[in-house]
Every structure is written in C-alpha cells, then in structure tokens.
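Novice: For reference, this is entry.tsv, and it has TSV, C-alpha atoms and all ligand atoms.
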```
chain	number	residue	atom	x	y	z
Z	1	MET	CA	-7.77	-9.13	-11.85
Z	2	ASP	CA	-8.21	-10.97	-15.12
Z	3	ALA	CA	-5.33	-9.05	-16.62
Z	4	PHE	CA	-2.88	-11.03	-14.50
Z	5	ARG	CA	-0.69	-13.69	-15.98
Z	6	ALA	CA	-0.80	-15.59	-12.71
Z	7	TRP	CA	-2.42	-14.63	-9.46
Z	8	ALA	CA	-2.85	-15.80	-5.90
Z	9	ASP	CA	-6.33	-15.25	-4.55
Z	10	VAL	CA	-6.00	-14.45	-0.86
Z	11	ASP	CA	-9.30	-15.00	0.95
Z	12	LEU	CA	-9.36	-12.67	3.94
Z	13	ASP	CA	-12.63	-14.13	5.19
Z	14	ALA	CA	-10.92	-17.50	5.43
Z	15	LEU	CA	-8.15	-15.82	7.41
Z	16	ASP	CA	-10.76	-14.37	9.81
Z	17	GLN	CA	-12.36	-17.77	10.16
Z	18	ASN	CA	-9.02	-19.46	10.89
Z	19	LEU	CA	-8.10	-16.81	13.44
Z	20	ALA	CA	-11.51	-17.33	15.06
Z	21	ALA	CA	-10.82	-21.08	15.26
Z	22	ILE	CA	-7.44	-20.30	16.81
Z	23	ARG	CA	-9.09	-17.93	19.28
Z	24	THR	CA	-11.54	-20.67	20.26
Z	25	ALA	CA	-8.66	-23.09	20.75
Z	26	VAL	CA	-6.58	-20.74	22.93
Z	27	GLY	CA	-9.39	-19.14	24.91
Z	28	PRO	CA	-9.82	-15.45	25.64
Z	29	GLY	CA	-6.77	-14.63	27.76
Z	30	VAL	CA	-3.95	-15.69	25.47
Z	31	VAL	CA	-2.28	-13.34	22.99
Z	32	ILE	CA	-2.31	-14.55	19.40
Z	33	MET	CA	1.02	-13.67	17.77
Z	34	LEU	CA	0.50	-14.18	14.06
Z	35	VAL	CA	3.69	-15.20	12.31
Z	36	VAL	CA	3.98	-13.23	9.07
Z	37	LYS	CA	7.59	-13.98	8.16
Z	38	ALA	CA	8.52	-14.51	4.50
Z	39	ASP	CA	5.73	-12.16	3.39
Z	40	ALA	CA	3.20	-14.05	5.50
Z	41	TYR	CA	4.22	-17.39	4.00
Z	42	GLY	CA	3.77	-15.86	0.56
Z	43	HIS	CA	0.28	-14.47	1.28
Z	44	GLY	CA	1.29	-10.79	1.51
Z	45	ALA	CA	2.39	-9.66	4.97
Z	46	ILE	CA	1.05	-6.11	4.98
Z	47	ALA	CA	-2.51	-6.94	3.98
Z	48	ILE	CA	-2.59	-10.02	6.20
Z	49	ALA	CA	-1.28	-8.08	9.21
Z	50	HIS	CA	-3.78	-5.25	8.77
Z	51	ARG	CA	-6.67	-7.64	8.50
Z	52	ALA	CA	-5.46	-9.71	11.44
Z	53	ALA	CA	-4.98	-6.66	13.64
Z	54	ARG	CA	-8.62	-5.75	13.03
Z	55	VAL	CA	-9.85	-9.11	14.20
Z	56	GLY	CA	-7.92	-9.17	17.43
Z	57	VAL	CA	-4.45	-10.49	16.72
Z	58	GLY	CA	-2.29	-8.87	19.41
Z	59	ALA	CA	1.23	-9.25	18.05
Z	60	PHE	CA	3.21	-10.29	15.00
Z	61	GLY	CA	6.22	-12.50	14.54
Z	62	VAL	CA	8.69	-11.95	11.69
Z	63	GLY	CA	11.95	-13.46	10.54
Z	64	THR	CA	14.10	-10.39	10.04
Z	65	ALA	CA	14.41	-6.79	11.12
Z	66	SER	CA	13.57	-5.56	7.64
Z	67	GLU	CA	10.31	-7.50	7.73
Z	68	ALA	CA	9.50	-5.86	11.06
Z	69	LEU	CA	10.25	-2.38	9.71
Z	70	GLU	CA	8.16	-3.01	6.61
Z	71	LEU	CA	5.15	-3.66	8.86
Z	72	ARG	CA	5.87	-0.55	10.95
Z	73	ARG	CA	6.12	1.57	7.81
Z	74	ALA	CA	2.77	0.15	6.73
Z	75	GLY	CA	1.19	1.36	9.94
Z	76	ILE	CA	1.14	-1.78	12.07
Z	77	CYS	CA	1.28	-0.62	15.70
Z	78	GLU	CA	1.09	-3.96	17.54
Z	79	PRO	CA	4.20	-5.48	19.10
Z	80	ILE	CA	6.41	-7.13	16.47
Z	81	LEU	CA	8.95	-9.76	17.45
Z	82	VAL	CA	11.93	-10.77	15.34
Z	83	LEU	CA	11.63	-14.46	16.17
Z	84	GLY	CA	15.19	-15.43	15.40
Z	85	THR	CA	17.89	-12.82	15.59
Z	86	ILE	CA	18.90	-9.52	14.12
Z	87	VAL	CA	22.41	-8.55	12.99
Z	88	ASP	CA	24.41	-5.66	14.47
Z	89	GLU	CA	23.61	-3.23	11.68
Z	90	GLU	CA	19.91	-3.62	12.42
Z	91	VAL	CA	19.99	-2.81	16.13
Z	92	THR	CA	19.53	0.94	15.81
Z	93	SER	CA	16.46	0.82	13.60
Z	94	CYS	CA	14.89	-1.90	15.76
Z	95	LEU	CA	15.36	0.21	18.88
Z	96	HIS	CA	13.94	3.21	17.13
Z	97	HIS	CA	10.76	1.35	16.14
Z	98	ASP	CA	10.25	-0.62	19.38
Z	99	ILE	CA	10.78	-3.94	17.65
Z	100	HIS	CA	10.98	-6.86	20.06
Z	101	ILE	CA	14.19	-8.82	19.65
Z	102	GLY	CA	14.92	-12.48	20.36
Z	103	LEU	CA	17.96	-12.88	22.60
Z	104	HIS	CA	20.10	-15.97	22.95
Z	105	SER	CA	23.58	-15.12	24.20
Z	106	THR	CA	25.58	-13.06	26.63
Z	107	SER	CA	27.49	-11.29	23.88
Z	108	ARG	CA	24.23	-10.30	22.19
Z	109	CYS	CA	22.92	-9.11	25.52
Z	110	ARG	CA	25.95	-6.86	26.07
Z	111	ALA	CA	25.92	-5.49	22.54
Z	112	LEU	CA	22.24	-4.60	22.80
Z	113	GLN	CA	22.71	-2.99	26.20
Z	114	GLU	CA	25.59	-0.87	24.89
Z	115	THR	CA	23.77	0.39	21.84
Z	116	ALA	CA	20.53	0.99	23.72
Z	117	ALA	CA	22.37	2.91	26.44
Z	118	ARG	CA	24.21	5.02	23.89
Z	119	GLN	CA	20.94	5.95	22.24
Z	120	ASN	CA	19.07	6.27	25.50
Z	121	ARG	CA	16.47	3.72	24.44
Z	122	THR	CA	15.18	0.51	25.95
Z	123	ALA	CA	15.64	-2.75	24.05
Z	124	LEU	CA	12.63	-5.08	24.35
Z	125	VAL	CA	14.00	-8.60	24.43
Z	126	HIS	CA	12.56	-12.10	24.50
Z	127	LEU	CA	14.92	-14.69	25.92
Z	128	ASN	CA	14.98	-17.64	23.55
Z	129	VAL	CA	15.59	-20.93	25.36
Z	130	ASP	CA	16.78	-23.90	23.28
Z	131	THR	CA	14.85	-26.87	24.61
Z	132	GLY	CA	15.49	-29.13	21.64
Z	133	MET	CA	15.66	-27.11	18.46
Z	134	GLY	CA	19.46	-26.99	18.52
Z	135	ARG	CA	19.49	-23.73	16.61
Z	136	LEU	CA	19.32	-20.29	18.16
Z	137	GLY	CA	18.54	-20.11	21.86
Z	138	VAL	CA	20.42	-20.45	25.11
Z	139	LEU	CA	20.61	-23.93	26.62
Z	140	PRO	CA	18.38	-24.42	29.67
Z	141	GLY	CA	21.38	-24.68	32.00
Z	142	ARG	CA	22.46	-21.14	31.16
Z	143	ALA	CA	19.06	-19.49	30.78
Z	144	VAL	CA	18.65	-18.22	34.32
Z	145	GLU	CA	22.12	-16.69	34.26
Z	146	LEU	CA	21.17	-14.79	31.13
Z	147	LEU	CA	17.91	-13.66	32.73
Z	148	GLU	CA	19.97	-12.27	35.64
Z	149	GLU	CA	22.08	-10.41	33.13
Z	150	ILE	CA	19.03	-8.94	31.41
Z	151	ARG	CA	17.68	-7.91	34.80
Z	152	SER	CA	20.84	-6.05	35.67
Z	153	ALA	CA	21.17	-4.33	32.28
Z	154	SER	CA	19.87	-0.78	32.60
Z	155	HIS	CA	18.61	-0.49	29.02
Z	156	LEU	CA	17.14	-3.94	28.46
Z	157	GLN	CA	13.58	-4.88	29.30
Z	158	LEU	CA	12.48	-8.50	29.37
Z	159	ALA	CA	9.39	-8.62	27.15
Z	160	GLY	CA	9.17	-12.38	26.95
Z	161	VAL	CA	10.67	-15.81	27.50
Z	162	MET	CA	10.22	-18.25	24.64
Z	163	THR	CA	11.16	-21.63	23.28
Z	164	HIS	CA	10.50	-23.18	19.88
Z	165	ILE	CA	9.00	-26.61	19.23
Z	166	SER	CA	11.03	-28.70	16.82
Z	167	SER	CA	8.01	-30.56	15.41
Z	168	PRO	CA	6.01	-28.46	12.92
Z	169	SER	CA	3.60	-31.30	12.16
Z	170	GLY	CA	2.86	-32.14	15.78
Z	171	ASP	CA	3.55	-35.81	15.17
Z	172	SER	CA	6.18	-35.97	17.87
Z	173	THR	CA	3.99	-35.39	20.90
Z	174	SER	CA	6.58	-36.99	23.18
Z	175	GLY	CA	9.17	-34.56	21.78
Z	176	ILE	CA	6.88	-31.62	22.55
Z	177	CYS	CA	6.36	-32.93	26.09
Z	178	GLU	CA	10.11	-33.26	26.66
Z	179	GLN	CA	10.67	-29.76	25.37
Z	180	SER	CA	7.98	-28.30	27.58
Z	181	ALA	CA	9.41	-30.13	30.62
Z	182	ARG	CA	12.81	-28.53	29.97
Z	183	PHE	CA	11.19	-25.14	29.45
Z	184	GLU	CA	9.12	-25.55	32.61
Z	185	GLY	CA	12.35	-26.23	34.53
Z	186	VAL	CA	13.74	-22.87	33.42
Z	187	LEU	CA	10.50	-21.06	34.17
Z	188	THR	CA	10.24	-22.53	37.67
Z	189	GLU	CA	13.73	-21.41	38.59
Z	190	ALA	CA	13.18	-17.99	37.00
Z	191	ARG	CA	9.93	-17.55	38.91
Z	192	ARG	CA	11.64	-18.54	42.14
Z	193	ARG	CA	14.20	-15.79	41.61
Z	194	ASN	CA	11.54	-13.37	40.44
Z	195	LEU	CA	13.19	-12.94	37.05
Z	196	LEU	CA	10.23	-13.49	34.73
Z	197	GLY	CA	8.72	-10.62	32.77
Z	198	GLY	CA	6.60	-10.06	29.69
Z	199	TRP	CA	5.01	-13.00	27.90
Z	200	VAL	CA	5.96	-16.63	28.21
Z	201	HIS	CA	5.38	-18.37	24.87
Z	202	MET	CA	6.12	-21.71	23.28
Z	203	SER	CA	3.33	-22.99	21.08
Z	204	ASN	CA	3.40	-22.99	17.29
Z	205	SER	CA	0.48	-24.27	15.19
Z	206	ALA	CA	1.39	-27.89	15.88
Z	207	GLY	CA	1.66	-27.39	19.63
Z	208	LEU	CA	-1.69	-25.64	19.70
Z	209	PHE	CA	-3.61	-27.95	17.41
Z	210	SER	CA	-2.22	-31.16	18.82
Z	211	GLY	CA	-3.10	-29.94	22.30
Z	212	THR	CA	0.30	-31.02	23.57
Z	213	SER	CA	1.96	-27.69	24.31
Z	214	PRO	CA	1.15	-25.43	27.26
Z	215	LEU	CA	-0.21	-22.14	25.91
Z	216	TYR	CA	1.22	-19.75	28.53
Z	217	ASP	CA	0.65	-16.05	27.68
Z	218	ALA	CA	0.92	-16.13	23.89
Z	219	VAL	CA	0.90	-18.56	20.97
Z	220	ARG	CA	2.94	-18.03	17.80
Z	221	VAL	CA	0.87	-19.34	14.92
Z	222	GLY	CA	1.63	-19.25	11.22
Z	223	ILE	CA	0.63	-22.12	8.98
Z	224	SER	CA	-2.71	-22.82	10.70
Z	225	ALA	CA	-3.84	-19.23	10.25
Z	226	TYR	CA	-3.21	-19.69	6.54
Z	227	GLY	CA	-5.49	-22.70	6.59
Z	228	VAL	CA	-3.06	-25.61	6.60
Z	229	ALA	CA	-3.79	-27.87	9.54
Z	230	PRO	CA	-0.81	-29.53	11.21
Z	231	LYS	CA	-1.08	-33.25	10.63
Z	232	GLU	CA	-2.07	-34.14	14.17
Z	233	ALA	CA	-4.62	-31.33	14.43
Z	234	GLN	CA	-7.61	-31.92	16.65
Z	235	TRP	CA	-9.52	-28.93	15.28
Z	236	GLY	CA	-8.12	-29.01	11.76
Z	237	GLU	CA	-11.55	-29.24	10.13
Z	238	ASN	CA	-12.23	-25.66	11.24
Z	239	LEU	CA	-9.43	-24.32	9.09
Z	240	SER	CA	-9.91	-23.30	5.49
Z	241	PRO	CA	-7.23	-22.52	2.92
Z	242	VAL	CA	-6.54	-18.81	2.52
Z	243	MET	CA	-4.65	-18.94	-0.76
Z	244	SER	CA	-5.45	-20.24	-4.24
Z	245	LEU	CA	-2.93	-20.09	-7.07
Z	246	ARG	CA	-4.26	-19.60	-10.56
Z	247	THR	CA	-3.17	-18.81	-14.09
Z	248	ARG	CA	-4.59	-19.21	-17.58
Z	249	ILE	CA	-3.80	-21.36	-20.56
Z	250	VAL	CA	-1.77	-19.22	-22.96
Z	251	PHE	CA	-1.26	-21.72	-25.77
Z	252	LEU	CA	-2.72	-25.01	-26.90
Z	253	LYS	CA	-1.62	-27.44	-29.56
Z	254	ASP	CA	-1.98	-31.03	-30.69
Z	255	LEU	CA	1.37	-32.73	-30.58
Z	256	PRO	CA	1.85	-35.82	-32.73
Z	257	ALA	CA	2.98	-39.21	-31.47
Z	258	GLY	CA	6.72	-39.36	-30.99
Z	259	SER	CA	7.03	-35.75	-29.82
Z	260	THR	CA	8.65	-34.95	-26.51
Z	261	VAL	CA	7.61	-32.21	-24.09
Z	262	GLY	CA	9.88	-29.87	-22.13
Z	263	TYR	CA	13.52	-29.79	-21.07
Z	264	ASP	CA	15.41	-33.04	-21.44
Z	265	GLY	CA	12.49	-34.60	-23.31
Z	266	THR	CA	11.37	-36.50	-20.24
Z	267	PHE	CA	7.83	-36.96	-21.55
Z	268	GLU	CA	7.33	-38.72	-24.86
Z	269	LEU	CA	3.97	-39.01	-26.59
Z	270	ASN	CA	2.92	-42.42	-27.88
Z	271	GLU	CA	-0.19	-40.93	-29.46
Z	272	MET	CA	-1.39	-37.49	-30.43
Z	273	ARG	CA	-2.16	-35.41	-27.32
Z	274	ARG	CA	-3.45	-31.88	-26.74
Z	275	ILE	CA	-0.82	-30.04	-24.72
Z	276	ALA	CA	-1.55	-26.72	-22.99
Z	277	THR	CA	1.12	-24.27	-21.88
Z	278	LEU	CA	0.70	-22.39	-18.60
Z	279	PRO	CA	2.76	-19.23	-17.97
Z	280	VAL	CA	3.92	-20.30	-14.50
Z	281	GLY	CA	6.96	-22.21	-13.35
Z	282	TYR	CA	9.00	-22.87	-10.28
Z	283	ASN	CA	9.47	-19.16	-9.65
Z	284	ASP	CA	5.70	-18.93	-9.34
Z	285	GLY	CA	5.15	-21.69	-6.82
Z	286	VAL	CA	4.99	-24.72	-9.11
Z	287	PRO	CA	7.68	-27.00	-7.66
Z	288	TRP	CA	10.12	-28.51	-10.18
Z	289	ARG	CA	9.41	-31.81	-8.48
Z	290	LEU	CA	5.88	-31.76	-9.91
Z	291	SER	CA	7.44	-32.51	-13.33
Z	292	ASN	CA	5.55	-35.48	-14.88
Z	293	LYS	CA	3.77	-35.91	-11.57
Z	294	GLY	CA	1.56	-33.03	-10.47
Z	295	GLU	CA	-1.96	-32.07	-11.47
Z	296	VAL	CA	-3.77	-28.86	-12.33
Z	297	LEU	CA	-7.52	-28.10	-12.44
Z	298	VAL	CA	-9.05	-26.92	-15.71
Z	299	ARG	CA	-12.84	-26.69	-16.22
Z	300	GLY	CA	-13.31	-28.50	-12.92
Z	301	GLN	CA	-11.24	-31.48	-14.05
Z	302	ARG	CA	-7.76	-32.73	-13.29
Z	303	ALA	CA	-5.10	-32.38	-15.97
Z	304	PRO	CA	-1.70	-33.99	-15.47
Z	305	ILE	CA	1.52	-31.99	-15.66
Z	306	VAL	CA	3.61	-33.46	-18.45
Z	307	GLY	CA	7.32	-32.82	-18.98
Z	308	ARG	CA	9.55	-30.73	-16.78
Z	309	VAL	CA	8.30	-27.70	-14.91
Z	310	SER	CA	10.59	-24.86	-15.95
Z	311	MET	CA	11.24	-21.44	-14.43
Z	312	ASP	CA	8.48	-19.71	-16.39
Z	313	TYR	CA	6.31	-22.41	-17.91
Z	314	THR	CA	4.47	-25.62	-17.15
Z	315	THR	CA	2.85	-27.95	-19.66
Z	316	ILE	CA	-0.28	-29.98	-19.04
Z	317	ASP	CA	-2.19	-32.60	-21.01
Z	318	VAL	CA	-5.78	-31.45	-21.61
Z	319	THR	CA	-6.71	-34.09	-24.21
Z	320	ASP	CA	-9.42	-35.48	-21.93
Z	321	ILE	CA	-10.93	-32.12	-21.01
Z	322	PRO	CA	-13.61	-31.30	-23.59
Z	323	GLY	CA	-13.58	-27.71	-24.75
Z	324	ALA	CA	-10.34	-26.75	-23.04
Z	325	ALA	CA	-9.28	-23.48	-24.64
Z	326	VAL	CA	-6.75	-20.68	-24.52
Z	327	ASP	CA	-7.66	-18.28	-21.65
Z	328	ASP	CA	-9.22	-21.03	-19.54
Z	329	VAL	CA	-8.32	-20.58	-15.89
Z	330	ALA	CA	-5.96	-23.23	-14.56
Z	331	THR	CA	-5.90	-23.77	-10.79
Z	332	LEU	CA	-2.63	-24.99	-9.32
Z	333	ILE	CA	-3.72	-24.66	-5.70
Z	334	GLY	CA	-7.37	-24.27	-4.72
Z	335	SER	CA	-10.80	-25.39	-5.90
Z	336	ASP	CA	-12.48	-25.46	-9.28
Z	337	GLY	CA	-15.97	-26.93	-9.30
Z	338	THR	CA	-15.97	-29.97	-7.07
Z	339	GLU	CA	-12.25	-30.64	-7.36
Z	340	THR	CA	-9.68	-29.26	-4.93
Z	341	ILE	CA	-5.90	-29.29	-4.79
Z	342	LEU	CA	-4.62	-28.35	-1.34
Z	343	LEU	CA	-1.25	-26.79	-0.60
Z	344	ARG	CA	-0.57	-29.96	1.36
Z	345	ASP	CA	-1.33	-32.12	-1.72
Z	346	VAL	CA	1.14	-30.14	-3.80
Z	347	ALA	CA	3.77	-30.40	-1.06
Z	348	GLU	CA	3.30	-34.14	-0.72
Z	349	CYS	CA	3.50	-34.68	-4.46
Z	350	ALA	CA	6.67	-32.58	-4.59
Z	351	GLU	CA	8.13	-34.35	-1.55
Z	352	THR	CA	8.41	-31.14	0.39
Z	353	ILE	CA	6.45	-29.27	3.05
Z	354	PRO	CA	3.56	-26.81	2.58
Z	355	TYR	CA	5.71	-24.01	4.04
Z	356	GLU	CA	8.23	-24.29	1.20
Z	357	VAL	CA	5.59	-24.35	-1.53
Z	358	ALA	CA	3.83	-21.27	-0.14
Z	359	CYS	CA	7.11	-19.35	0.16
Z	360	SER	CA	8.13	-20.21	-3.39
Z	361	ILE	CA	5.28	-18.25	-4.95
Z	362	GLY	CA	7.46	-15.46	-6.30
Z	363	LYS	CA	6.80	-11.76	-6.53
Z	364	ARG	CA	5.64	-11.76	-10.14
Z	365	VAL	CA	2.47	-13.58	-9.02
Z	366	ALA	CA	-0.09	-10.88	-8.17
Z	367	ARG	CA	-1.78	-11.22	-4.80
Z	368	VAL	CA	-5.48	-10.50	-5.10
Z	369	PHE	CA	-7.10	-9.92	-1.73
Z	370	ARG	CA	-10.75	-10.87	-1.53
Z	371	ALA	CA	-13.27	-10.19	1.17
Z	372	ARG	CA	-17.02	-10.47	1.54
Z	373	THR	CA	-16.89	-7.44	3.78
Z	374	PRO	CA	-15.74	-4.73	1.40
Z	375	GLU	CA	-15.54	-2.00	4.03
Z	376	LEU	CA	-12.97	-4.06	5.91
Z	377	ALA	CA	-11.19	-4.99	2.73
Z	378	ALA	CA	-11.02	-1.37	1.67
Z	379	ALA	CA	-9.33	-0.44	4.91
Z	380	ILE	CA	-6.32	-2.50	3.96
Z	381	GLN	CA	-3.41	-0.42	2.67
Z	382	PRO	CA	-4.55	0.23	-0.89
Z	383	GLU	CA	-1.05	0.53	-2.32
Z	384	ALA	CA	-0.18	-2.88	-1.01
Z	385	SER	CA	-3.11	-4.82	-2.31
Z	386	THR	CA	-5.81	-5.20	-4.87
Z	387	VAL	CA	-9.15	-5.72	-3.20
Z	388	THR	CA	-12.16	-7.20	-4.88
Z	389	THR	CA	-15.35	-8.78	-3.73
Z	390	PRO	CA	-16.32	-12.15	-5.12
Z	391	GLY	CA	-19.12	-12.50	-7.64
Z	401	LIG	C1	7.80	-19.87	11.99
Z	401	LIG	C2	7.73	-19.89	13.45
Z	401	LIG	C3	6.52	-20.13	14.12
Z	401	LIG	C4	5.23	-20.49	13.40
Z	401	LIG	O1	5.18	-21.85	13.11
Z	401	LIG	P1	3.89	-22.52	12.40
Z	401	LIG	O2	4.26	-23.95	12.32
Z	401	LIG	O3	3.77	-21.88	11.06
Z	401	LIG	O4	2.72	-22.24	13.26
Z	401	LIG	C5	6.51	-20.04	15.50
Z	401	LIG	N1	7.65	-19.75	16.20
Z	401	LIG	C6	8.83	-19.53	15.59
Z	401	LIG	C7	10.03	-19.23	16.40
Z	401	LIG	C8	8.92	-19.61	14.21
Z	401	LIG	O5	10.10	-19.40	13.62
```
Produce structure tokens that represent the structure in this file.
Ligand SMILES: *Cc1c(COP(=O)(O)O)cnc(C)c1O
Specialist:
Amino acid sequence: MDAFRAWADVDLDALDQNLAAIRTAVGPGVVIMLVVKADAYGHGAIAIAHRAARVGVGAFGVGTASEALELRRAGICEPILVLGTIVDEEVTSCLHHDIHIGLHSTSRCRALQETAARQNRTALVHLNVDTGMGRLGVLPGRAVELLEEIRSASHLQLAGVMTHISSPSGDSTSGICEQSARFEGVLTEARRRNLLGGWVHMSNSAGLFSGTSPLYDAVRVGISAYGVAPKEAQWGENLSPVMSLRTRIVFLKDLPAGSTVGYDGTFELNEMRRIATLPVGYNDGVPWRLSNKGEVLVRGQRAPIVGRVSMDYTTIDVTDIPGAAVDDVATLIGSDGTETILLRDVAECAETIPYEVACSIGKRVARVFRARTPELAAAIQPEASTVTTPG
C-alpha cells in the first residue's frame, strides 16, 4: 500500500454500515438497488458490488451497458439496470446477459422488440416516466400507452416502472411531492388497466433520507451508501464516509520572499515559507478550483493549498506544521488525528457537488479496499482490488 503515489482507502465496513442504515430506513420488504455507475462514484464498482451483494443488496444500477457487462464479467449475478439508456449497438450483449434496460419511447420499444424477437430472447425493461427531470423518460400523459405497447410486445417483459427525482440534495421537498403525485397518477391508471409488472421505484438517496418519497418496491441509492448524506437527511448521522484520498509529500523546500508558486504565479510569498509538493492534481480528484483555497491534512493539522492545482501536482504551505517531512502522508479527503475533511467540504470549497469530486478521482489513484473482516474482504475479486486489514 505504501508504495502508492496516491491512494484512495475504501472502507468496506463503512459501506456495510451505510447499507445497514439504508436497510433500517427502508424496512425489510424493499429492494435496495445500489447505484454503482461511474465505477461506483469512483470507489471501485466491482469490489463495492461484491461486498454489497454479500450484505443483502438485491440489485445494481449502472449508467451504461459496458458498466453492466463489466459487473457480469466479474461474477455479479443480481439484476443490473442500465438506469438511463443503451445505444443500438449494445442491445445484443444486454439481451445476452439479462441486463435490465430503461425504456422511454415507442421507437426504442419497437427496436428492442425486433432485436429480442430475432434472437429469441426476452428484453427486461423498466419504463422510465419523466415526472419532472426533463431528460430521458416518457411524459406521464403517454406512459400508459407505452405500457400497453410493452404488454403487447411478445419479447418484452416489464421488469419495472420508474421515475427519477430531480433534487439530489432533497432540499426541494415540494418538488419531490409534485413528482410523486404525477407518478402516482400514472401508476393508478396502469393498475386500473392491469398493466403494472416488476418493481415500481422512484427514490434516490435524497428521497429516502428526506422521507419525502414513497419507497414502493425498490430504492435506487448511490451517494448515501458511499457515506455522503443528502443535505436534508433525517438519518444522516448514521452514515460514514467510505473513501479517503491520500498521498505523500514528495518534495519540500523553503522558498524566499518574492517567489511565486505554480502556474500563472497566482500565489506570491511575502516572507520565506516552507512549500511542500504533493504528487496529485486535478486528474486525481483535487479540483482545480481548490487553487489558493483548499486545505490538506498533514500530521493531523491543516495546511493550505497555495498556487494553482495542476494536472499532476498540488503545492501546500507546511511552514506552521513542525517536523513536516518528505514521505509524510497528506490527506485530501478523510481524517488524520482529530481533523477531518469530508468529500462535501471539498465540493463546497470547489463550488461543485460531492458526486463530481468523487468521480474525478482518476484511474492512476490506487483503490485500497480495507475491511475488519478479512474473510469477507478476501472474497472480493482479488484481481480487482488490493485488500488489507487496518493496523
Ligand atoms: C444516479 C442515480 C441514482 C442515485 O442517486 P443518489 O443521489 O446518488 O442516491 C438514482 N437513480 C438514477 C436514475 C440515477 O441516475
């Protein structure tokens, strides 16, 4: 582990704990669909999915067909839903691997039916109803018509009816209520005509943790499982961060007054300062917007980022940290001693959202999976992860 230039510690026990909190919130009868798109928000989709499957997650949500197939290849047998849409070239492989597909239009419906019929397979589809997202999804007025079409298609099977909440923070509870009223209208009519099938699902983390969304048969949770509570969370204190981002000081020098630091010389020293270089930049999850603004933990203390964050390097001022030395661990996200920097803190400082920061931790940052229960940790695909126990 210590050979890494930069690494993300992924705490699988924290994941278990968060999933347990989610289970408590949803009760026993509801399927937890863990959203593992974008490599599980940068946490490492394969290891996260294996661990989650062992602690009772019943389905996975992904962004693209290739993400779904990656999980299948890694031995994930639970239902996997491509939340958005696939493209034509991906239909065959999705059918072959029983990937659930979001459906939002008549033309899509016909194309899927044709391919599935030709290959003598059944396409598992979830009708996506647009109740306020304005993106993919059929408008409520046309949803029942599309359900009729799915019903009459010989090679389509309705595996779910879904809608997506447009508030990820849960701060628009009235918006969530309006969306669920529109969704409920579709469901009522569909029930009346006996067109429903599979799981009805709506809630994301915000809907669940704000208590404003009906849970139906399944919840699609991402960010909360990774330990970031939606702002309006009622149970947010039960969530703990899964990921920490760390590196080490690779160089240290005293720069004299008058020197500037980094691209464009945006930071000028008016006295001698001790400047440390960290081998991580915006490709490694340190947002460019943290330039001259963010903080890093070294020896349990906060050190300010000085100068511009670049693609590969970040510079910090460690003048006030006694004993700071080359090889010291620097924590960009996570805890060191009594100090903590949360993903949310980084996002706020960079004027973005935690989702974007997590997804920007590039592939040259090693993911180090940690678990107190080594036998469980060891069961995770070894080629996909490095497993260690703390201590
Ligand atoms: C990403 C996504 C989710 C998960 O949202 P969180 O806010 O991370 O819980 C749920 N549903 C859909 C359709 C998504 O795209």
Novice: Write out as a list of chain:residue names which residues come within 10 Å of Ile333 (chain Z) when counting all atoms listed in the file, dropping same-chain ones fewer than 3 positions away.
Specialist: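 Returned residues: Z:Ala8, Z:Asp9, Z:Pro241, Z:Met243, Z:Ser244, Z:Leu245, Z:Arg246, Z:Gly285, Z:Val286, Z:Glu295, Z:Val296, Z:Leu297, Z:Ala330, Z:Asp336, Z:Thr340, Z:Ile341, Z:Leu342, Z:Leu343, Z:Arg344, Z:Asp345, Z:Val346, Z:Ala358.
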Novice: Name all residues at most 12 Å from Tyr226 (chain Z) (count only C-alpha atoms; drop same-chain ones fewer than 5 positions away) and give them as an MDAnalysis selection string.
Specialist: chainID Z and resid 10:19 21:22 34:36 40:45 48 52 205 221 236 238:244 342:344 354:355 358
Novice: Quick check, in Å to one decimal: how far apart do CA of Gly198 (chain Z) and CA of Thr115 (chain Z) lie?
Specialist: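 CA of Thr115 (chain Z) lies at a distance of 21.6 Å from CA of Gly198 (chain Z).
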Novice: Just want the 6 Å neighbourhood of region 74-87 of chain Z, counted on all atoms listed in the file, with same-chain residues fewer than 6 positions away dropped. Output as a count of residues only.
Specialist: 10
Novice: Measuring atom to atom with all atoms listed in the file, identify which of Z:Asp217, Z:Glu148, Z:Asp130, Z:Asp327 is nearest to Glu178 (chain Z).
Specialist: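 Of all the options, Z:Asp130 lies closest to Glu178 (chain Z).
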Novice: Where's the centre, and what are the edge lengths in Å to one decimal, of a box along x, y and z enclosing all listed atoms of ligand LIG 401 (chain Z) padded 4 Å per side, as lines of an AutoDock Vina configuration file?
Specialist:
```
center_x = 6.4
center_y = -21.6
center_z = 13.7
size_x = 15.4
size_y = 12.7
size_z = 13.3
```
Novice: Of the candidates Z:Val129, Z:Ala303, Z:Leu196, Z:Leu95, which shows the shortest atom-to-atom distance to ligand LIG 401 (chain Z), using only C-alpha atoms and all ligand atoms?
Specialist: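 Checking each candidate against ligand LIG 401 (chain Z), we get Z:Val129 as the closest.
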Novice: Which distance in Å separates CA of Asp328 (chain Z) and CA of Lys253 (chain Z), to one decimal?
Specialist: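 Computing it gives 14.1 Å between the two atoms.
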Novice: Could you check which of Z:His201, Z:Arg108, Z:Glu268, Z:Cys177 is closest to His164 (chain Z), using all atoms listed in the file?
Specialist: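 Nearest candidate to His164 (chain Z) out of Z:His201, Z:Arg108, Z:Glu268, Z:Cys177: Z:His201.
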Novice: Name the closest residue to Asn292 (chain Z) among the candidates Z:Glu149, Z:Glu351, Z:Glu271, Z:Asp317; distances are taken between atoms, counting all atoms listed in the file.
Specialist: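 Checking each of Z:Glu149, Z:Glu351, Z:Glu271, Z:Asp317 against Asn292 (chain Z), counting all atoms listed in the file, the winner is Z:Asp317.
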Novice: Tell me which of Z:Thr131, Z:Thr266, Z:Thr315, Z:Ser310 sits closest to Leu252 (chain Z), counting all atoms listed in the file.
Specialist: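 Going through Z:Thr131, Z:Thr266, Z:Thr315, Z:Ser310 one by one, the smallest distance to Leu252 (chain Z) is for Z:Thr315.
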Novice: Which residues are near region 134-146 of chain Z? Cut-off 10 Å, only C-alpha atoms, ignore same chain within fewer than 5 positions. Put them as a count of residues only.
Specialist: 31
Novice: Enter the distance from CA of Leu124 (chain Z) to CA of Ser203 (chain Z), in Å, rounded to one decimal.
Specialist: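 CA of Ser203 (chain Z) lies at a distance of 20.4 Å from CA of Leu124 (chain Z).
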Novice: Is there a way to get, as a ChimeraX atom specification, all residues within 10 Å of the point (-1.9, -28.1, 18.6) in file coordinates, counting all atoms listed in the file?
Specialist: /Z:22,25-26,168-170,173,203-215,221,224,229-236
Novice: Within 6 Å of (3.6, -3.0, 3.2) (file coordinates; only C-alpha atoms), which protein or nucleic acid residues are there? I'd like them as a list of chain:residue names.
Specialist: Z:Ile46, Z:Glu70, Z:Leu71, Z:Ala74, Z:Ala384
